[in-house]
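Trainee: There's a structure below that I have some questions on.
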Amino acid sequence: MTGDAIFEMKGITKVFPGIKALDSVSFSARAGEVHALVGENGAGKSTLMKVLSGVYQAEEGEIFLRGRKVRFQHPLESLTQGVSVIYQEFSLLPDRTVAENIFLGREPTNRFGILDAARMRRETRNVLALFGDRHRFGPDTLVSDLDVAQQQMVEIAKALSLNAQVIVMDEPTAALNDAECDLLFQLVEDLRGQGRSIVYITHRMREIRRLADRVTVIKDGKVAAAFDDVPETGQIVEAMVGRDIGHFYPDPATSDEVGAPVLTVHGGGNARLFDIDLELCAGQITGFAGVQGAGRTALALALFGAEPFETGTVSVEGQPVSLTSPRKAAKAGIAMLPGDRKAEGLMLMQSVRDNGMISARAFSNPLGAPNNTSVATLDQMDKLFDAFDLRAANYEVEIQSLSGGNQQKAIVARWLSLAPKVLIFVEPTRGIDVNTKAVIYAQMRSLAQDGAAVMAISSDLPEVLGISDRVLVMSDGKIVAEFGYGASETEVMHAATEAHLGLETS
Amino acid sequence: MKPARSRNLMAFAPFLLLMAAIAVYVIVAVLTGQTQFLTVENLLGLLGRSIALGITAVGQTFAILIASIDLSVANLISVSAVLASSIMSGDPSMMLPAIAAVLAVGVVVGLINGLIITQFEVNPLIATLGMALVLQGLLSATFNNFAGEVPEEFQVFAYGQVGGISISLIFLIALTVAAWVFLRFTRAGSNIYSVGGNPDAAKLAGMRTTRVVIMAHVICSVCATIAGLYLASRLRSGAPWIGRDGVYDLESIAVVVIGGTALSGGRGGVWGTLMGVMIFSLIDSIFNIAGVDAFAKQILRGIIIVAAVAVYAVRSRRIEA
């Protein structure tokens, strides 16, 4: 097995402050195969690939490329030796052309040092030709004019122009619709046919079944299972979750836990939402499913006043409210836990306490003491942290040193200081390890049991189905279906994609 | 100081730099046999020569803490000085009206800066540069030399002493203490750090971030007008070029940054800024007693600013990693 591996990683250990992200992980890939790297968010898949490409340096372990020991200090070194990683967030410059992006940083020049634009175009065309006639754009197209799938093709073309023998794709279908996914699968099969080795990071079983030759499951920074073929889906899931799924999600709400409607929307609409009629009840977790761009996040932003409704009426506990800014929404008792915690939720360089107190401070007298507001005192905040079992060296450390799960707990504590009636969780477990996920789910359930209406938006469908008492399906900015507890993935996916596929074919 | 911030190495960096500067100052004075410079009065005197810069920089700290910047302070200082001395015209009874008028100008300029930055989303660099040009134009159109004069009574601000310490130095320290109390012990102060740390997150936590930005700019501009009042008191009159001549815009930014306040906002404070002012004065004095020629001095100052900021950048990166 070692003999025909293009690359092989042995005993890789990578430590970040506070956590062991990778613990003695071994992984390899052969020429002409698709090796699926599977695991929950935060399991260590991306970290492993960042070690391979030289973004991170491992504390322990060795990497062999074509049998030769390598130690990449910088992604440039791995790139020049045929290892390309295509991240979820593309590294393309939107205002430059496809050719300029493909040759970014290594533009060919003639002997006078002048850019050889003709050669750039020619070589770009040669690389694009590898896609057959599927790309439908040329070297001079601006990247900002391309859709997500085409941008991904540019990333792949960039790898091919570097003659990459190992191509790592990090959840490549995350932002693609079904038709685009099919196109991507064909491309991956082509690349395999050319004898390249593809590491395909995903947690979607469908893609593994369709593409993979081998599967390695990572969980909590360790290899949980390595299969030399593609096993039954159940085996993969078991290795991923590492426990009985039944106990992973808390029990649904009982009928006497569900109370009166707290939030009511009639005919809500804006540029991204149409005819939203919605009722959220106290004590109930309402999940929202749908494909990327279906309007779930837009709905959260509208309810939270960040991208307000332009039509329709909203009332909280029967009182009409005007949700035109996050501040007004918060005043009306609506709280949102943003999906992108780092960008939208946290002051990374400030203490856990400061991050917790910010809302309390925002809603009290600005000349008062920051740690003793009319909304909450520091003591009360500390008690909330304690109650949530927030783990930190102490509450004065910078919040960036905490794990994603503990950061999430701090944001929940922040909102609870305002005693909100509606809590909107957007991607509540993004970047959170699988054990902490169960804690977050339990927390969401107990918030509901304490009388809050909880709204859960997640692109992880099993998660939505697992935690929600009812599931609303969105598509093209509308709510198109409703399911009770216990709906199957298939029927929800069907409802979520039906309208969408209809549009595609018309 | 807050434990979280003082535990951070960054908070000590300006202090270490100040100690290093003092050490070099002492060594140079001893080596050149000029030990008469080594007295506490002399060290305080160093700060006393930088009162206007100090007052301006305390204000600039607020702008930079919210991840903004103010390039209009130098010309605002000129406006303030000229306006004060014209209104006073040597008449002690006009002192209070003049001070009130000048501070009002500071509030208005800060409000306009803040409103342009928050409402029209103009980059602060451009917004305040525009304000600087407008102020300069207004000045040039109205004055071309020293205008008016300040009465003896007003010169007490710059020349008066209490118990052997100059009133202006006491004022600068009192202003710094007030700014520190505001930043450290009020919610409005915490809000400044939050908005500077992550404006999007602050907004989504329910904060009125535009108000915080505007407030920081008003504080910054008012401080600049106070610096203008001080200069009018010291020069006994105001001239339309005194702000620009002192390069108070760029120097105030430099001392804030040397004082450890992050240009990206959300981290730092006014004590660091005061240390930055002292470091700047010390560097000047070191060059003076060492007899370094003026041009070489300028070059060395430039190198020291960049080196200090580079050291901070490397250190803060190491903390993040």
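Ligands are numbered from 1 in the order shown, chains are lettered A, B, ... in the order of the structure tokens, and residues start at 1 in each chain.
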Could you please tell me, as a PyMOL selection string, which residues of chain A have an atom within 9 Å of chain B when using only C-alpha atoms?

Mentor: chain A and resi 16-17+304+306+325-331+335-338+341-351+354-355+358-359+361-371+373+395-398+400-401+414-415

Trainee: Skip Ala282 in chain A itself and residues of its chain fewer than 6 positions away, then list as a compact mmCIF listing (two decimals) with N, CA and C atoms, in the first residue's frame all residues within 8 Å of it, counting only C-alpha atoms.

Mentor:
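selection02.txt written:
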```
# COMPACT_ATOMS: atom_id res chain seq x y z
N VAL A 258 -45.30 22.93 24.91
CA VAL A 258 -45.49 23.92 23.85
C VAL A 258 -46.57 24.91 24.29
N GLY A 259 -46.22 26.19 24.30
CA GLY A 259 -47.13 27.20 24.80
C GLY A 259 -47.76 28.03 23.69
N ALA A 260 -48.13 29.23 24.06
CA ALA A 260 -48.81 30.13 23.12
C ALA A 260 -47.83 30.66 22.08
N PRO A 261 -48.37 31.12 20.93
CA PRO A 261 -47.49 31.73 19.92
C PRO A 261 -46.80 32.96 20.50
N VAL A 262 -45.50 33.07 20.26
CA VAL A 262 -44.75 34.22 20.76
C VAL A 262 -44.54 35.22 19.63
N LYS A 421 -37.41 36.46 24.25
CA LYS A 421 -38.54 35.55 24.09
C LYS A 421 -38.36 34.64 22.89
N ALA A 448 -35.81 26.25 25.42
CA ALA A 448 -37.21 26.11 25.02
C ALA A 448 -38.07 25.73 26.22
N GLY A 451 -39.31 28.35 28.28
CA GLY A 451 -40.38 29.20 27.75
C GLY A 451 -40.01 30.03 26.53
N ALA A 452 -38.80 29.88 26.00
CA ALA A 452 -38.44 30.64 24.81
C ALA A 452 -38.92 29.92 23.57
N ALA A 453 -39.22 30.72 22.52
CA ALA A 453 -39.44 30.14 21.21
C ALA A 453 -38.08 30.06 20.54
N VAL A 454 -37.67 28.87 20.13
CA VAL A 454 -36.34 28.70 19.57
C VAL A 454 -36.45 28.41 18.08
```

Trainee: Compile the contact shell of Arg234 in chain B as number ranges by chain: residues with an atom at most 9 Å away, counting only C-alpha atoms, same-chain residues fewer than 6 positions apart removed.

Mentor: B: 155-159

Trainee: For Ile22 in chain B, list every protein, DNA or RNA residue within 10 Å, evaluated using only C-alpha atoms, and leave out those in the same chain fewer than 6 positions away; present the list as an MDAnalysis selection string.

Mentor: chainID B and resid 16 28 43 278:279 282:283 286

Trainee: What does the structure give for the distance between CA of Gly138 in chain A and CA of Val188 in chain A, in Å to one decimal?

Mentor: 20.5 Å

Trainee: Which of range 226-458 of chain A counts as strand (DSSP E) under DSSP, as a ChimeraX atom specification please?

Mentor: /A:226-227,261-270,273-281,285-289,311-316,319-321,334-337,422-426,453-457

Trainee: Please, could you write that set of residues out with C-alpha atoms as a PDB file, in the first residue's frame?

Mentor:
```pdb
ATOM      1  CA  ALA A 226     -10.175   3.603   7.662  1.00  0.00           C
ATOM      2  CA  PHE A 227     -11.963   1.579   4.986  1.00  0.00           C
ATOM      3  CA  PRO A 261     -47.489  31.726  19.922  1.00  0.00           C
ATOM      4  CA  VAL A 262     -44.746  34.222  20.756  1.00  0.00           C
ATOM      5  CA  LEU A 263     -43.834  35.567  17.378  1.00  0.00           C
ATOM      6  CA  THR A 264     -46.242  35.954  14.487  1.00  0.00           C
ATOM      7  CA  VAL A 265     -45.401  37.099  10.968  1.00  0.00           C
ATOM      8  CA  HIS A 266     -48.052  37.870   8.364  1.00  0.00           C
ATOM      9  CA  GLY A 267     -47.132  38.381   4.726  1.00  0.00           C
ATOM     10  CA  GLY A 268     -43.519  39.232   5.499  1.00  0.00           C
ATOM     11  CA  GLY A 269     -41.445  40.055   2.441  1.00  0.00           C
ATOM     12  CA  ASN A 270     -38.353  41.827   1.158  1.00  0.00           C
ATOM     13  CA  LEU A 273     -38.317  36.755   1.040  1.00  0.00           C
ATOM     14  CA  PHE A 274     -41.893  36.413  -0.170  1.00  0.00           C
ATOM     15  CA  ASP A 275     -45.212  35.928   1.649  1.00  0.00           C
ATOM     16  CA  ILE A 276     -43.785  34.713   4.901  1.00  0.00           C
ATOM     17  CA  ASP A 277     -46.511  33.563   7.300  1.00  0.00           C
ATOM     18  CA  LEU A 278     -44.962  32.227  10.421  1.00  0.00           C
ATOM     19  CA  GLU A 279     -45.823  31.449  14.002  1.00  0.00           C
ATOM     20  CA  LEU A 280     -43.232  30.511  16.590  1.00  0.00           C
ATOM     21  CA  CYS A 281     -44.492  29.071  19.843  1.00  0.00           C
ATOM     22  CA  ILE A 285     -37.871  24.417  18.607  1.00  0.00           C
ATOM     23  CA  THR A 286     -38.721  25.245  15.017  1.00  0.00           C
ATOM     24  CA  GLY A 287     -36.153  24.097  12.494  1.00  0.00           C
ATOM     25  CA  PHE A 288     -35.643  25.546   9.037  1.00  0.00           C
ATOM     26  CA  ALA A 289     -34.416  23.395   6.173  1.00  0.00           C
ATOM     27  CA  THR A 311     -43.923  44.301   3.738  1.00  0.00           C
ATOM     28  CA  GLY A 312     -46.118  42.443   6.189  1.00  0.00           C
ATOM     29  CA  THR A 313     -46.586  42.655   9.924  1.00  0.00           C
ATOM     30  CA  VAL A 314     -44.754  41.106  12.840  1.00  0.00           C
ATOM     31  CA  SER A 315     -46.010  40.851  16.380  1.00  0.00           C
ATOM     32  CA  VAL A 316     -44.422  39.559  19.554  1.00  0.00           C
ATOM     33  CA  GLN A 319     -48.019  43.366  20.256  1.00  0.00           C
ATOM     34  CA  PRO A 320     -47.109  44.669  16.799  1.00  0.00           C
ATOM     35  CA  VAL A 321     -43.388  45.421  16.551  1.00  0.00           C
ATOM     36  CA  ILE A 334     -35.674  38.650  19.703  1.00  0.00           C
ATOM     37  CA  ALA A 335     -32.086  37.423  19.888  1.00  0.00           C
ATOM     38  CA  MET A 336     -29.923  36.026  17.110  1.00  0.00           C
ATOM     39  CA  LEU A 337     -26.844  33.851  17.464  1.00  0.00           C
ATOM     40  CA  VAL A 422     -37.315  34.336  20.732  1.00  0.00           C
ATOM     41  CA  LEU A 423     -33.849  32.858  20.154  1.00  0.00           C
ATOM     42  CA  ILE A 424     -32.664  32.424  16.589  1.00  0.00           C
ATOM     43  CA  PHE A 425     -29.752  30.020  16.227  1.00  0.00           C
ATOM     44  CA  VAL A 426     -27.995  30.246  12.865  1.00  0.00           C
ATOM     45  CA  ALA A 453     -39.441  30.138  21.209  1.00  0.00           C
ATOM     46  CA  VAL A 454     -36.340  28.698  19.570  1.00  0.00           C
ATOM     47  CA  MET A 455     -35.617  28.904  15.865  1.00  0.00           C
ATOM     48  CA  ALA A 456     -32.877  26.680  14.447  1.00  0.00           C
ATOM     49  CA  ILE A 457     -31.334  27.266  11.047  1.00  0.00           C
TER      50      ILE A 457
END
```

Trainee: Give me every alpha helix (DSSP H) residue in range 211-251 of chain B, going by DSSP on the backbone, as number ranges by chain.

Mentor: B: 211-235, 242-245, 248-251

Trainee: Convert the current residue selection to file output with C-alpha atoms, as a short mmCIF file (atom, residue, chain, number, x, y, z; two decimals), in the first residue's frame.

Mentor:
```cif
data_model
loop_
_atom_site.label_atom_id
_atom_site.label_comp_id
_atom_site.auth_asym_id
_atom_site.auth_seq_id
_atom_site.Cartn_x
_atom_site.Cartn_y
_atom_site.Cartn_z
CA ARG B 211 -23.44 56.83 18.12
CA VAL B 212 -20.28 55.33 19.52
CA VAL B 213 -18.30 56.25 16.41
CA ILE B 214 -19.67 59.80 16.41
CA MET B 215 -18.95 60.19 20.11
CA ALA B 216 -15.34 59.10 19.65
CA HIS B 217 -14.89 61.66 16.87
CA VAL B 218 -16.44 64.45 18.94
CA ILE B 219 -14.04 63.64 21.79
CA CYS B 220 -11.14 63.61 19.35
CA SER B 221 -12.05 67.00 17.84
CA VAL B 222 -12.74 68.63 21.20
CA CYS B 223 -9.31 67.53 22.40
CA ALA B 224 -7.77 69.11 19.31
CA THR B 225 -9.50 72.41 20.01
CA ILE B 226 -8.22 72.30 23.59
CA ALA B 227 -4.72 71.81 22.18
CA GLY B 228 -5.39 74.90 20.05
CA LEU B 229 -6.38 76.89 23.14
CA TYR B 230 -3.17 75.80 24.82
CA LEU B 231 -1.05 76.89 21.85
CA ALA B 232 -2.82 80.26 21.70
CA SER B 233 -2.03 80.69 25.39
CA ARG B 234 1.59 79.75 24.90
CA LEU B 235 2.20 81.80 21.75
CA ILE B 242 0.54 76.53 13.99
CA GLY B 243 -1.31 73.23 13.69
CA ARG B 244 0.31 72.24 10.44
CA ASP B 245 3.76 73.38 11.61
CA TYR B 248 -0.04 67.34 14.98
CA ASP B 249 -2.10 65.12 12.69
CA LEU B 250 0.61 62.59 11.85
CA GLU B 251 2.54 62.94 15.12
#
```

Trainee: Which one of A:Leu390, A:Met474, A:Ile6, A:Ala239 sits closest to Ala164 in chain A if you count only C-alpha atoms?

Mentor: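 Using only C-alpha atoms, the shortest distance to Ala164 in chain A belongs to A:Ile6.
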
Trainee: Any idea what the distance is between CA of Ser488 in chain A and CA of Gly234 in chain A?

Mentor: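 About the pair CA of Ser488 in chain A and CA of Gly234 in chain A: they are 15.6 Å apart.
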
Trainee: Counting only C-alpha atoms, what is within 9 Å of Leu169 in chain B, bar same-chain residues fewer than 5 positions away, as a ChimeraX atom specification?

Mentor: /B:44-45,47-48,51,158,174

Trainee: Using the selection just defined, write its residues with N, CA and C atoms as an mmCIF file, in the first residue's frame.

Mentor:
```
data_model
loop_
_atom_site.group_PDB
_atom_site.id
_atom_site.type_symbol
_atom_site.label_atom_id
_atom_site.label_comp_id
_atom_site.auth_asym_id
_atom_site.auth_seq_id
_atom_site.Cartn_x
_atom_site.Cartn_y
_atom_site.Cartn_z
ATOM 1 N N LEU B 44 10.081 65.700 33.683
ATOM 2 C CA LEU B 44 8.741 66.272 33.601
ATOM 3 C C LEU B 44 8.719 67.378 32.563
ATOM 4 N N GLY B 45 9.819 68.121 32.501
ATOM 5 C CA GLY B 45 9.923 69.200 31.525
ATOM 6 C C GLY B 45 9.798 68.675 30.106
ATOM 7 N N LEU B 47 7.910 66.233 29.105
ATOM 8 C CA LEU B 47 6.496 66.078 28.817
ATOM 9 C C LEU B 47 5.884 67.468 28.635
ATOM 10 N N GLY B 48 6.386 68.436 29.448
ATOM 11 C CA GLY B 48 5.859 69.797 29.386
ATOM 12 C C GLY B 48 6.049 70.426 28.022
ATOM 13 N N ILE B 51 2.879 69.307 25.494
ATOM 14 C CA ILE B 51 1.501 69.367 25.989
ATOM 15 C C ILE B 51 0.494 69.313 24.828
ATOM 16 N N ALA B 158 -0.728 78.179 29.884
ATOM 17 C CA ALA B 158 0.547 77.667 29.392
ATOM 18 C C ALA B 158 1.698 77.942 30.344
ATOM 19 N N ALA B 174 -4.530 65.352 34.143
ATOM 20 C CA ALA B 174 -5.932 65.251 34.549
ATOM 21 C C ALA B 174 -6.792 64.786 33.381
#
```

Trainee: With distances taken over only C-alpha atoms, which of A:Gly193, A:Glu489, A:Ala300, A:Val85 is nearest to Ala157 in chain A?

Mentor: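 Among the listed residues, A:Val85 lies closest to Ala157 in chain A.
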
Trainee: Can you pull out every residue within 10 Å of Leu133 in chain B, counting only C-alpha atoms, but drop anything in the same chain fewer than 4 positions away, and send it as a CSV table (one decimal) with N, CA and C atoms, in the first residue's frame?

Mentor:
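Here's the written file around_10.csv:
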```csv
chain,number,residue,atom,x,y,z
B,71,LEU,N,-7.5,62.9,10.6
B,71,LEU,CA,-6.4,63.7,10.0
B,71,LEU,C,-6.7,65.2,10.0
B,72,SER,N,-7.8,65.6,10.6
B,72,SER,CA,-8.2,67.0,10.6
B,72,SER,C,-7.7,67.7,11.8
B,75,ASN,N,-5.3,71.1,11.5
B,75,ASN,CA,-5.9,72.3,11.0
B,75,ASN,C,-7.0,72.7,12.0
B,128,THR,N,-11.8,62.7,7.0
B,128,THR,CA,-11.1,63.7,7.8
B,128,THR,C,-10.1,64.5,7.1
B,129,LEU,N,-9.5,63.9,6.0
B,129,LEU,CA,-8.6,64.6,5.1
B,129,LEU,C,-9.4,65.7,4.5
B,137,GLY,N,-8.8,75.8,4.1
B,137,GLY,CA,-9.4,76.8,3.2
B,137,GLY,C,-10.0,77.9,3.9
B,138,LEU,N,-10.8,77.6,4.9
B,138,LEU,CA,-11.5,78.6,5.7
B,138,LEU,C,-10.5,79.5,6.3
B,139,LEU,N,-9.5,78.9,6.9
B,139,LEU,CA,-8.4,79.7,7.6
B,139,LEU,C,-7.7,80.7,6.6
```

Trainee: Find the residues around Asn177 in chain A up to 8 Å (only C-alpha atoms counted), leave out those fewer than 3 positions away in its own chain, and share them as a list of chain:residue names.

Mentor: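 Listed by chain and then number, they are A:Thr173, A:Glu180, A:Cys181, A:Val291, A:Gln292.
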
Trainee: Under the rule that only C-alpha atoms are counted, which of B:Pro240, B:Gly90, B:Gly276, B:Gly59 is the nearest residue to Ala179 in chain B?

Mentor: B:Gly59

Trainee: May I ask which of the residues A:Thr297, A:Val34, A:Met49, A:Asp340 is the closest one to Phe185 in chain A, counting only C-alpha atoms?

Mentor: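 Among A:Thr297, A:Val34, A:Met49, A:Asp340, it is A:Val34 that comes nearest to Phe185 in chain A.
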